[in-house]
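First the structure, in the form of structure tokens, and then the observations on it.
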Amino acid sequence: MSVLLEVSGLSKRFGGLKAVTDVSFNVERGQIFSLIGPNGAGKTTVFNLISAVLKPTSGTVRFDGRDITGAPTHSLARLGIARTFQNLAVFKHESVVANLLVGMHTHLKSGPLSAMVFWGRTRSEELRARERIEKIIEFLEIEDIRDATVGTLSYGLQKRVELGRALAVDPKLLLLDEMVSGMNQEEREDIARFILDLKEQLGTTVMMVEHDMGIVMDISDHVCVMNHGVKIAEGTPAEVSANPAVVAAYLGTRREGVLA
Amino acid sequence: MRTGHYKETYGELIALSDSGVAWAWVAALAAALVLLPLLVGNYTLSLAVSVLIAIVGAIGLNLLTGTTGLISIGQSGFLAIGAYTNALLATDYGWPVWASLPAAGVLSGAISLLVGIPSLRLKGLYLAITTLAFSFIVNYVILYAEPLTHGPNGVFLNDTTFLGLDLSSDRGLYYFVLGVAVLVTLAALNLLRSRIGRAWLAIRDHDIAARAMGIDLVRYKLLAFAVSSFFVGIAGGLMSLQIRFINIDVFGFLLSIEALAIIILGGFGSIAGTILGAVFLTLLPEAIRIVLSLFVDPQAPAYTKYIYEIRGIAYGIVIVVFLRFKPDGLIGLWRDVRKYFANWPLAY
Ligand SMILES: Nc1ncnc2c1ncn2[C@@H]1O[C@H](COP(=O)(O)OP(=O)(O)OP(=O)(O)O)[C@@H](O)[C@H]1O
Ligand SMILES: [Mg+2]
């Protein structure tokens, strides 16, 4: 296995608050990599730094052999990084299909003039896009809502649409920030199955921030634990859950332990 | 109920409309529009031309404000640029209309980038005020660049023809403007079902997510300004063809409010809504005139004196009422009605 994502010495300060301090880790190709930690540990901030939504105070991010630190946010989709957001970030006035098609943006080429005519290349690329979107719709089992306005759907389905939109990017690295929070048990199991299928069928590398320890322990290949902005442990699910520092971190914030 | 219809090809999925009924209505409407000059007098025909021009201009504004979410109240500035470009190129430089009208759109689109660049940092009210200031600047430049624009004297248009159509006749102008309006409508519908229209909607709904999906905000906001103002510039050029004599008084602030009222009335982001809104709002002063004439003599000086104010008040009422009670506009109302009858007689 080779390294797909290399995070080194990453730090982010918001004024006086050190949200992330000197965090380093590697994500291998084809891995399911979980980033966990108590509330406010800095997990979302790490995601925002990797996906260039935020610029780091210091440190570097290398993806697929190139330095992407400080790259413009919109350039990452083309390189093969797609993400979902902790708080729903769907285009809620549009249909499910339209949301997914936005994910295909970087795979389509037509400019304004050919789009106005909508013939030839534009038409054929739109057809191809629509065909690919149908595959994603089928994969996520959302056929019966494909024309629904996303804002009218249940929270769980909106999350699923957001996942679909990220899949439409056809990413090498998929970043999922608390995908299953707010979902019921059945929806959670669906998502876990989708993530495993992605890994097995497409070889997609998945990095996820997750509070659901059941899913983390079940499907992760590798787990990284943060607390108060620093990395406190890293290893296989079994290694991490046996780590006293990790247990202490979780006990410090909640009564039940990480394995409860 | 028209739900759960099944598509056999991907071509049907990306078609403008999959409904035979819709296409039948479009065909009927097309026939009516083509036959209109044979059925009505010149006054009605010139009202129809005003409606068509309003459609072109409001579609332009809707791409920027309704679709991309960038609020502009500088519409009158772009209309003025388009009208003056077309009129001056035709009158002073002898350009034929097939060249001067596209030039009006292109110049308006190019100048819009000057407002577009500050818009990258400004949002909402701040952007709206920038566009307003811009429209005042345009008026001043036109007024004081007298050697180029004839300043306060205004511009007369020579008689023009296009492919044998006499654009100085009501009928010729009607067919010409109808053709342009149809092309602009199709172009806008096509844009909205392409990656570009989707990128604009994405920016309006969630700009951070749009960026994460690979959409370059700078590029697509500027593109929205350019394309929108291109269409508005064309609308301005058409105005100059209709009124034949333009001066700066034509392009007052009320035009910007009228355009905004049209897209609010019709429904943000909807082309069909824009058309409905343009029809209703352009005919509204006419309706007010007819109603008032039942009570006062239409030749009375009080009436002609206050018509401008009355229009302004009417637009204001439309904006306030629809924003408050029906933010998705007439097109939303239409969807509600259709949904109601689809389920009728069973309530929801
Ligand atoms: N944009 C911001 N500006 C200021 N402070 C921020 C910003 N984003 C995050 N923070 C702060 O940084 C710290 C880490 O936040 P972050 O969202 O990364 O935590 P998290 O691990 O994702 O937590 P949770 O599990 O609750 O989602 C928190 O104290 C948070 O308040
Ligand atoms: Mg978080």
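Following the order of the structure tokens, chains are lettered A, B, ..., residues in each are numbered from 1, and ligands are numbered from 1.
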
Pick out the chain A residues within 6 Å of chain B. Count only C-alpha atoms. Give them as a PyMOL selection string.
chain A and resi 73-75+77+91+103+115-116+118

Those same residues, written as a PDB file, in the first residue's frame with N, CA, C and O atoms?
```pdb
ATOM      1  N   THR A  73      -9.813  26.322  -2.772  1.00  0.00           N
ATOM      2  CA  THR A  73     -10.791  25.296  -2.410  1.00  0.00           C
ATOM      3  C   THR A  73     -11.335  24.547  -3.627  1.00  0.00           C
ATOM      4  O   THR A  73     -11.454  23.325  -3.612  1.00  0.00           O
ATOM      5  N   HIS A  74     -11.648  25.320  -4.678  1.00  0.00           N
ATOM      6  CA  HIS A  74     -12.316  24.685  -5.811  1.00  0.00           C
ATOM      7  C   HIS A  74     -11.401  23.788  -6.639  1.00  0.00           C
ATOM      8  O   HIS A  74     -11.868  23.053  -7.503  1.00  0.00           O
ATOM      9  N   SER A  75     -10.076  23.855  -6.370  1.00  0.00           N
ATOM     10  CA  SER A  75      -9.165  23.034  -7.185  1.00  0.00           C
ATOM     11  C   SER A  75      -9.117  21.581  -6.698  1.00  0.00           C
ATOM     12  O   SER A  75      -8.625  20.710  -7.397  1.00  0.00           O
ATOM     13  N   ALA A  77     -11.536  19.301  -5.963  1.00  0.00           N
ATOM     14  CA  ALA A  77     -12.425  18.312  -6.569  1.00  0.00           C
ATOM     15  C   ALA A  77     -11.774  17.711  -7.812  1.00  0.00           C
ATOM     16  O   ALA A  77     -11.814  16.506  -8.033  1.00  0.00           O
ATOM     17  N   PHE A  91     -27.895  21.561  -1.669  1.00  0.00           N
ATOM     18  CA  PHE A  91     -28.545  22.669  -2.355  1.00  0.00           C
ATOM     19  C   PHE A  91     -30.038  22.424  -2.209  1.00  0.00           C
ATOM     20  O   PHE A  91     -30.644  21.697  -2.998  1.00  0.00           O
ATOM     21  N   GLY A 103     -22.080  17.668  -8.405  1.00  0.00           N
ATOM     22  CA  GLY A 103     -20.870  16.918  -8.087  1.00  0.00           C
ATOM     23  C   GLY A 103     -20.060  16.549  -9.323  1.00  0.00           C
ATOM     24  O   GLY A 103     -18.853  16.320  -9.250  1.00  0.00           O
ATOM     25  N   ALA A 115     -23.374  25.859 -24.087  1.00  0.00           N
ATOM     26  CA  ALA A 115     -24.482  25.534 -23.181  1.00  0.00           C
ATOM     27  C   ALA A 115     -25.776  26.199 -23.631  1.00  0.00           C
ATOM     28  O   ALA A 115     -26.854  25.622 -23.524  1.00  0.00           O
ATOM     29  N   MET A 116     -25.679  27.427 -24.154  1.00  0.00           N
ATOM     30  CA  MET A 116     -26.892  28.113 -24.624  1.00  0.00           C
ATOM     31  C   MET A 116     -27.507  27.397 -25.813  1.00  0.00           C
ATOM     32  O   MET A 116     -28.723  27.427 -25.996  1.00  0.00           O
ATOM     33  N   PHE A 118     -26.950  24.085 -26.462  1.00  0.00           N
ATOM     34  CA  PHE A 118     -27.279  22.755 -25.942  1.00  0.00           C
ATOM     35  C   PHE A 118     -27.400  21.727 -27.064  1.00  0.00           C
ATOM     36  O   PHE A 118     -28.400  21.038 -27.211  1.00  0.00           O
TER      37      PHE A 118
END
```

Residues within 7 Å of ligand 1 should be enumerated using only C-alpha atoms and all ligand atoms and returned as a PyMOL selection string.
chain A and resi 14+17+19+37-46+229

According to DSSP computed on the backbone, where in stretch 16-143 of chain A is there helix (DSSP H, G or I)? Give the residues as a count of residues only.
50

Please identify all polymer residues within 12 Å of stretch 241-243 of chain A, counting only C-alpha atoms, omitting same-chain residues fewer than 3 positions from it, and present them as a PyMOL selection string.
chain A and resi 36-37+213-214+216-217+222-225+232-238+246-250+257-260

Could you tell me how far atom CA of B:Gln75 sits from atom CA of B:Phe325, in Å to one decimal place?
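Pair atom CA of B:Phe325 / atom CA of B:Gln75 returns 24.9 Å.
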
Name the residues in contact with stretch 46-59 of chain B at a cut-off of 6 Å, using only C-alpha atoms, excluding same-chain residues fewer than 5 positions from it; report them as a PyMOL selection string.
chain B and resi 174+181+232+235+259+275+278-279+282

Identify, on the basis of only C-alpha atoms, every residue whose closest approach to stretch 113-116 of chain B does not exceed 12 Å; exclude the query and any residue fewer than 5 positions from it along the same chain; express the result as number ranges by chain.
B: 64, 70-75, 77-78, 106-108, 121-123, 126-135, 137-138, 217-230

Going by DSSP on the backbone, which residues of stretch 69-280 of chain B come out as strand (DSSP E or B)? List them as a list in words.
Val155, Phe156, Thr161, Phe162, Leu165, Asp166, Phe245 and Ile246 of chain B

Please write the residues from the selection above to a file, keeping C-alpha atoms, as an mmCIF file, in the first residue's frame.
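Once everything was written out, this is again-v1.cif:
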```cif
data_model
loop_
_atom_site.group_PDB
_atom_site.id
_atom_site.type_symbol
_atom_site.label_atom_id
_atom_site.label_comp_id
_atom_site.auth_asym_id
_atom_site.auth_seq_id
_atom_site.Cartn_x
_atom_site.Cartn_y
_atom_site.Cartn_z
ATOM 1 C CA VAL B 155 -30.284 60.076 -29.952
ATOM 2 C CA PHE B 156 -32.753 59.608 -32.798
ATOM 3 C CA THR B 161 -34.507 46.878 -41.642
ATOM 4 C CA PHE B 162 -33.566 43.318 -40.826
ATOM 5 C CA LEU B 165 -38.451 43.392 -42.109
ATOM 6 C CA ASP B 166 -39.070 47.094 -41.675
ATOM 7 C CA PHE B 245 -35.623 58.502 -29.582
ATOM 8 C CA ILE B 246 -33.676 57.889 -26.410
#
```

What is the distance between atom CA of A:Leu174 and atom CA of A:Thr21, in Å to one decimal?
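Atom CA of A:Thr21 lies at a distance of 23.3 Å from atom CA of A:Leu174.
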
What gap, in Å, lies between atom CA of B:Gly82 and atom CA of B:Pro118?
21.7 Å

Applying 8 Å and only C-alpha atoms, which residues near A:Leu100 remain after dropping the ones on its own chain fewer than 4 positions away? List them as a list in words.
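Those residues are Val96, Met104, Ile133, Val161, Glu162, Gly164, Arg165, Ala166 and Ala168 of chain A.
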
Residues near B:Phe268, cut-off 12 Å, only C-alpha atoms, skip fewer than 4 positions along chain, as a compact mmCIF listing (two decimals) with all heavy atoms, in the first residue's frame:
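Generated output (around_21.txt):
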```txt
# COMPACT_ATOMS: atom_id res chain seq x y z
N HIS A 93 -32.93 23.86 -2.47
CA HIS A 93 -34.04 24.22 -3.37
C HIS A 93 -34.03 23.42 -4.66
O HIS A 93 -34.92 23.57 -5.50
CB HIS A 93 -33.99 25.71 -3.71
CG HIS A 93 -34.14 26.59 -2.50
ND1 HIS A 93 -33.08 27.31 -1.97
CD2 HIS A 93 -35.19 26.83 -1.71
CE1 HIS A 93 -33.50 27.97 -0.91
NE2 HIS A 93 -34.76 27.69 -0.72
N ALA B 58 -35.82 40.94 -18.11
CA ALA B 58 -36.04 40.29 -16.81
C ALA B 58 -35.39 38.91 -16.78
O ALA B 58 -34.92 38.47 -15.73
CB ALA B 58 -37.53 40.19 -16.52
N ILE B 59 -35.34 38.22 -17.91
CA ILE B 59 -34.61 36.94 -17.94
C ILE B 59 -33.15 37.20 -17.61
O ILE B 59 -32.53 36.47 -16.82
CB ILE B 59 -34.76 36.25 -19.32
CG1 ILE B 59 -36.15 35.62 -19.43
CG2 ILE B 59 -33.68 35.19 -19.52
CD1 ILE B 59 -36.42 34.94 -20.76
N GLY B 60 -32.60 38.27 -18.18
CA GLY B 60 -31.22 38.62 -17.86
C GLY B 60 -31.04 38.83 -16.37
O GLY B 60 -30.16 38.23 -15.74
N LEU B 61 -31.90 39.65 -15.78
CA LEU B 61 -31.78 39.93 -14.35
C LEU B 61 -31.98 38.66 -13.52
O LEU B 61 -31.30 38.45 -12.51
CB LEU B 61 -32.80 40.98 -13.92
CG LEU B 61 -32.75 41.36 -12.43
CD1 LEU B 61 -31.44 42.05 -12.09
CD2 LEU B 61 -33.93 42.23 -12.04
N ASN B 62 -32.91 37.82 -13.96
CA ASN B 62 -33.20 36.63 -13.17
C ASN B 62 -32.01 35.67 -13.11
O ASN B 62 -31.80 34.98 -12.12
CB ASN B 62 -34.44 35.91 -13.70
CG ASN B 62 -35.20 35.21 -12.58
OD1 ASN B 62 -34.72 35.11 -11.46
ND2 ASN B 62 -36.38 34.71 -12.89
N LEU B 63 -31.21 35.63 -14.19
CA LEU B 63 -30.02 34.76 -14.16
C LEU B 63 -29.07 35.22 -13.06
O LEU B 63 -28.45 34.41 -12.38
CB LEU B 63 -29.31 34.77 -15.51
CG LEU B 63 -30.06 34.09 -16.65
CD1 LEU B 63 -29.27 34.20 -17.94
CD2 LEU B 63 -30.35 32.63 -16.33
N LEU B 64 -28.95 36.53 -12.88
CA LEU B 64 -28.03 37.07 -11.88
C LEU B 64 -28.64 37.00 -10.48
O LEU B 64 -28.03 36.47 -9.55
CB LEU B 64 -27.71 38.52 -12.24
CG LEU B 64 -26.69 39.22 -11.35
CD1 LEU B 64 -25.31 38.60 -11.55
CD2 LEU B 64 -26.63 40.71 -11.67
N THR B 65 -29.85 37.54 -10.34
CA THR B 65 -30.43 37.71 -9.01
C THR B 65 -31.19 36.47 -8.56
O THR B 65 -31.02 36.00 -7.43
CB THR B 65 -31.34 38.95 -9.00
OG1 THR B 65 -30.55 40.09 -9.31
CG2 THR B 65 -32.00 39.13 -7.65
N GLY B 66 -32.02 35.91 -9.45
CA GLY B 66 -32.81 34.75 -9.08
C GLY B 66 -31.98 33.48 -9.02
O GLY B 66 -32.08 32.70 -8.08
N THR B 67 -31.14 33.27 -10.01
CA THR B 67 -30.40 32.02 -10.11
C THR B 67 -29.12 32.03 -9.30
O THR B 67 -28.82 31.07 -8.58
CB THR B 67 -30.06 31.72 -11.59
OG1 THR B 67 -31.27 31.80 -12.34
CG2 THR B 67 -29.46 30.35 -11.74
N THR B 68 -28.34 33.09 -9.41
CA THR B 68 -27.04 33.11 -8.74
C THR B 68 -27.12 33.77 -7.37
O THR B 68 -26.19 33.65 -6.57
CB THR B 68 -26.00 33.83 -9.62
OG1 THR B 68 -26.20 33.42 -10.97
CG2 THR B 68 -24.58 33.48 -9.23
N GLY B 69 -28.23 34.47 -7.10
CA GLY B 69 -28.41 35.07 -5.78
C GLY B 69 -27.65 36.37 -5.58
O GLY B 69 -27.43 36.79 -4.45
N LEU B 70 -27.23 37.01 -6.69
CA LEU B 70 -26.54 38.30 -6.58
C LEU B 70 -27.55 39.40 -6.87
O LEU B 70 -27.98 39.56 -8.01
CB LEU B 70 -25.37 38.36 -7.57
CG LEU B 70 -24.31 37.27 -7.38
CD1 LEU B 70 -23.34 37.25 -8.55
CD2 LEU B 70 -23.55 37.50 -6.07
N ILE B 71 -27.93 40.14 -5.83
CA ILE B 71 -29.01 41.10 -6.00
C ILE B 71 -28.53 42.36 -6.71
O ILE B 71 -27.55 42.98 -6.31
CB ILE B 71 -29.62 41.48 -4.64
CG1 ILE B 71 -30.23 40.25 -4.01
CG2 ILE B 71 -30.68 42.57 -4.80
CD1 ILE B 71 -30.65 40.44 -2.59
N LEU B 201 -26.83 28.03 -9.43
CA LEU B 201 -27.78 27.67 -8.36
C LEU B 201 -27.04 27.17 -7.13
O LEU B 201 -27.43 27.48 -5.99
CB LEU B 201 -28.72 26.57 -8.86
CG LEU B 201 -29.77 27.02 -9.88
CD1 LEU B 201 -30.41 25.81 -10.55
CD2 LEU B 201 -30.83 27.87 -9.20
N ARG B 204 -25.77 30.05 -5.17
CA ARG B 204 -26.85 30.72 -4.45
C ARG B 204 -27.23 29.94 -3.19
O ARG B 204 -27.42 30.51 -2.12
CB ARG B 204 -28.08 30.85 -5.36
CG ARG B 204 -29.25 31.56 -4.69
CD ARG B 204 -30.52 31.38 -5.47
NE ARG B 204 -31.02 30.02 -5.38
CZ ARG B 204 -32.07 29.57 -6.04
NH1 ARG B 204 -32.73 30.36 -6.87
NH2 ARG B 204 -32.47 28.33 -5.89
N ALA B 259 -37.93 45.79 -13.08
CA ALA B 259 -37.33 44.50 -13.41
C ALA B 259 -37.29 43.59 -12.18
O ALA B 259 -37.57 42.38 -12.26
CB ALA B 259 -35.91 44.72 -13.95
N LEU B 260 -36.96 44.18 -11.03
CA LEU B 260 -36.92 43.40 -9.80
C LEU B 260 -38.32 42.90 -9.45
O LEU B 260 -38.51 41.74 -9.05
CB LEU B 260 -36.36 44.28 -8.67
CG LEU B 260 -35.65 43.57 -7.54
CD1 LEU B 260 -34.49 42.76 -8.07
CD2 LEU B 260 -35.15 44.60 -6.52
N ALA B 261 -39.30 43.78 -9.62
CA ALA B 261 -40.69 43.40 -9.33
C ALA B 261 -41.13 42.24 -10.24
O ALA B 261 -41.83 41.33 -9.79
CB ALA B 261 -41.62 44.60 -9.50
N ILE B 262 -40.68 42.27 -11.50
CA ILE B 262 -41.06 41.19 -12.43
C ILE B 262 -40.54 39.85 -11.93
O ILE B 262 -41.29 38.86 -11.89
CB ILE B 262 -40.51 41.47 -13.85
CG1 ILE B 262 -41.29 42.62 -14.50
CG2 ILE B 262 -40.60 40.22 -14.72
CD1 ILE B 262 -40.75 43.04 -15.85
N ILE B 263 -39.28 39.81 -11.52
CA ILE B 263 -38.76 38.48 -11.15
C ILE B 263 -39.26 38.03 -9.78
O ILE B 263 -39.39 36.84 -9.53
CB ILE B 263 -37.22 38.38 -11.25
CG1 ILE B 263 -36.53 39.30 -10.27
CG2 ILE B 263 -36.75 38.67 -12.67
CD1 ILE B 263 -35.04 39.05 -10.21
N ILE B 264 -39.60 38.99 -8.92
CA ILE B 264 -40.19 38.61 -7.64
C ILE B 264 -41.61 38.09 -7.87
O ILE B 264 -42.02 37.07 -7.32
CB ILE B 264 -40.18 39.78 -6.65
CG1 ILE B 264 -38.74 40.06 -6.20
CG2 ILE B 264 -41.06 39.50 -5.44
CD1 ILE B 264 -38.57 41.34 -5.42
N ALA B 272 -40.09 30.49 -16.83
CA ALA B 272 -41.53 30.56 -17.07
C ALA B 272 -42.15 31.63 -16.17
O ALA B 272 -43.00 32.42 -16.60
CB ALA B 272 -42.19 29.21 -16.82
N GLY B 273 -41.69 31.67 -14.92
CA GLY B 273 -42.18 32.67 -13.98
C GLY B 273 -41.84 34.08 -14.46
O GLY B 273 -42.67 34.99 -14.38
N THR B 274 -40.62 34.25 -14.98
CA THR B 274 -40.22 35.56 -15.47
C THR B 274 -41.15 36.03 -16.57
O THR B 274 -41.53 37.20 -16.63
CB THR B 274 -38.78 35.50 -16.02
OG1 THR B 274 -37.94 35.00 -15.00
CG2 THR B 274 -38.29 36.86 -16.45
N ILE B 275 -41.51 35.10 -17.46
CA ILE B 275 -42.39 35.47 -18.56
C ILE B 275 -43.75 35.90 -18.01
O ILE B 275 -44.28 36.96 -18.39
CB ILE B 275 -42.51 34.30 -19.56
CG1 ILE B 275 -41.15 34.07 -20.21
CG2 ILE B 275 -43.59 34.58 -20.59
CD1 ILE B 275 -41.07 32.85 -21.10
N LEU B 276 -44.29 35.11 -17.08
CA LEU B 276 -45.56 35.48 -16.45
C LEU B 276 -45.46 36.85 -15.79
O LEU B 276 -46.33 37.71 -15.97
CB LEU B 276 -45.94 34.46 -15.38
CG LEU B 276 -46.52 33.13 -15.82
CD1 LEU B 276 -46.80 32.25 -14.60
CD2 LEU B 276 -47.79 33.37 -16.61
N GLY B 277 -44.38 37.03 -15.02
CA GLY B 277 -44.20 38.28 -14.30
C GLY B 277 -44.12 39.47 -15.26
O GLY B 277 -44.71 40.52 -15.01
N PHE B 322 -45.64 40.06 -2.56
CA PHE B 322 -45.14 38.74 -2.95
C PHE B 322 -43.99 38.27 -2.07
O PHE B 322 -43.93 37.11 -1.70
CB PHE B 322 -44.76 38.72 -4.44
CG PHE B 322 -45.93 38.33 -5.30
CD1 PHE B 322 -46.92 39.26 -5.59
CD2 PHE B 322 -46.07 37.03 -5.76
CE1 PHE B 322 -48.02 38.89 -6.35
CE2 PHE B 322 -47.17 36.66 -6.51
CZ PHE B 322 -48.16 37.60 -6.81
N LEU B 323 -43.08 39.17 -1.72
CA LEU B 323 -41.98 38.73 -0.85
C LEU B 323 -42.54 38.23 0.48
O LEU B 323 -42.05 37.25 1.05
CB LEU B 323 -41.01 39.88 -0.58
CG LEU B 323 -39.97 40.13 -1.66
CD1 LEU B 323 -38.99 41.20 -1.22
CD2 LEU B 323 -39.22 38.85 -2.04
N LYS B 326 -45.87 35.25 -0.92
CA LYS B 326 -45.67 34.22 -1.94
C LYS B 326 -44.28 34.36 -2.52
O LYS B 326 -44.11 34.73 -3.68
CB LYS B 326 -46.74 34.38 -3.03
CG LYS B 326 -46.94 33.13 -3.89
CD LYS B 326 -47.54 31.99 -3.12
CE LYS B 326 -47.25 30.70 -3.84
NZ LYS B 326 -47.24 29.53 -2.97
N PRO B 327 -43.24 34.04 -1.71
CA PRO B 327 -41.87 34.29 -2.19
C PRO B 327 -41.50 33.48 -3.43
O PRO B 327 -40.56 33.84 -4.12
CB PRO B 327 -40.99 33.92 -0.99
CG PRO B 327 -41.87 33.36 0.05
CD PRO B 327 -43.30 33.56 -0.33
N ASP B 328 -42.22 32.40 -3.70
CA ASP B 328 -41.88 31.70 -4.95
C ASP B 328 -42.73 32.17 -6.13
O ASP B 328 -42.73 31.54 -7.19
CB ASP B 328 -41.91 30.16 -4.79
CG ASP B 328 -43.21 29.69 -4.18
OD1 ASP B 328 -44.05 30.54 -3.83
OD2 ASP B 328 -43.41 28.47 -4.05
N GLY B 329 -43.46 33.28 -5.93
CA GLY B 329 -44.04 33.98 -7.07
C GLY B 329 -45.20 33.29 -7.75
O GLY B 329 -45.75 32.30 -7.26
N LEU B 330 -45.57 33.85 -8.91
CA LEU B 330 -46.69 33.29 -9.67
C LEU B 330 -46.43 31.85 -10.06
O LEU B 330 -47.34 31.03 -10.09
CB LEU B 330 -46.92 34.12 -10.93
CG LEU B 330 -47.53 35.51 -10.73
CD1 LEU B 330 -47.58 36.24 -12.07
CD2 LEU B 330 -48.92 35.40 -10.14
N ILE B 331 -45.16 31.52 -10.35
CA ILE B 331 -44.88 30.17 -10.80
C ILE B 331 -45.09 29.20 -9.64
O ILE B 331 -45.57 28.07 -9.84
CB ILE B 331 -43.45 30.05 -11.41
CG1 ILE B 331 -43.33 28.80 -12.27
CG2 ILE B 331 -42.36 30.08 -10.35
CD1 ILE B 331 -44.10 28.87 -13.55
N GLY B 332 -44.82 29.65 -8.42
CA GLY B 332 -45.09 28.83 -7.25
C GLY B 332 -46.60 28.64 -7.06
O GLY B 332 -47.08 27.55 -6.76
```
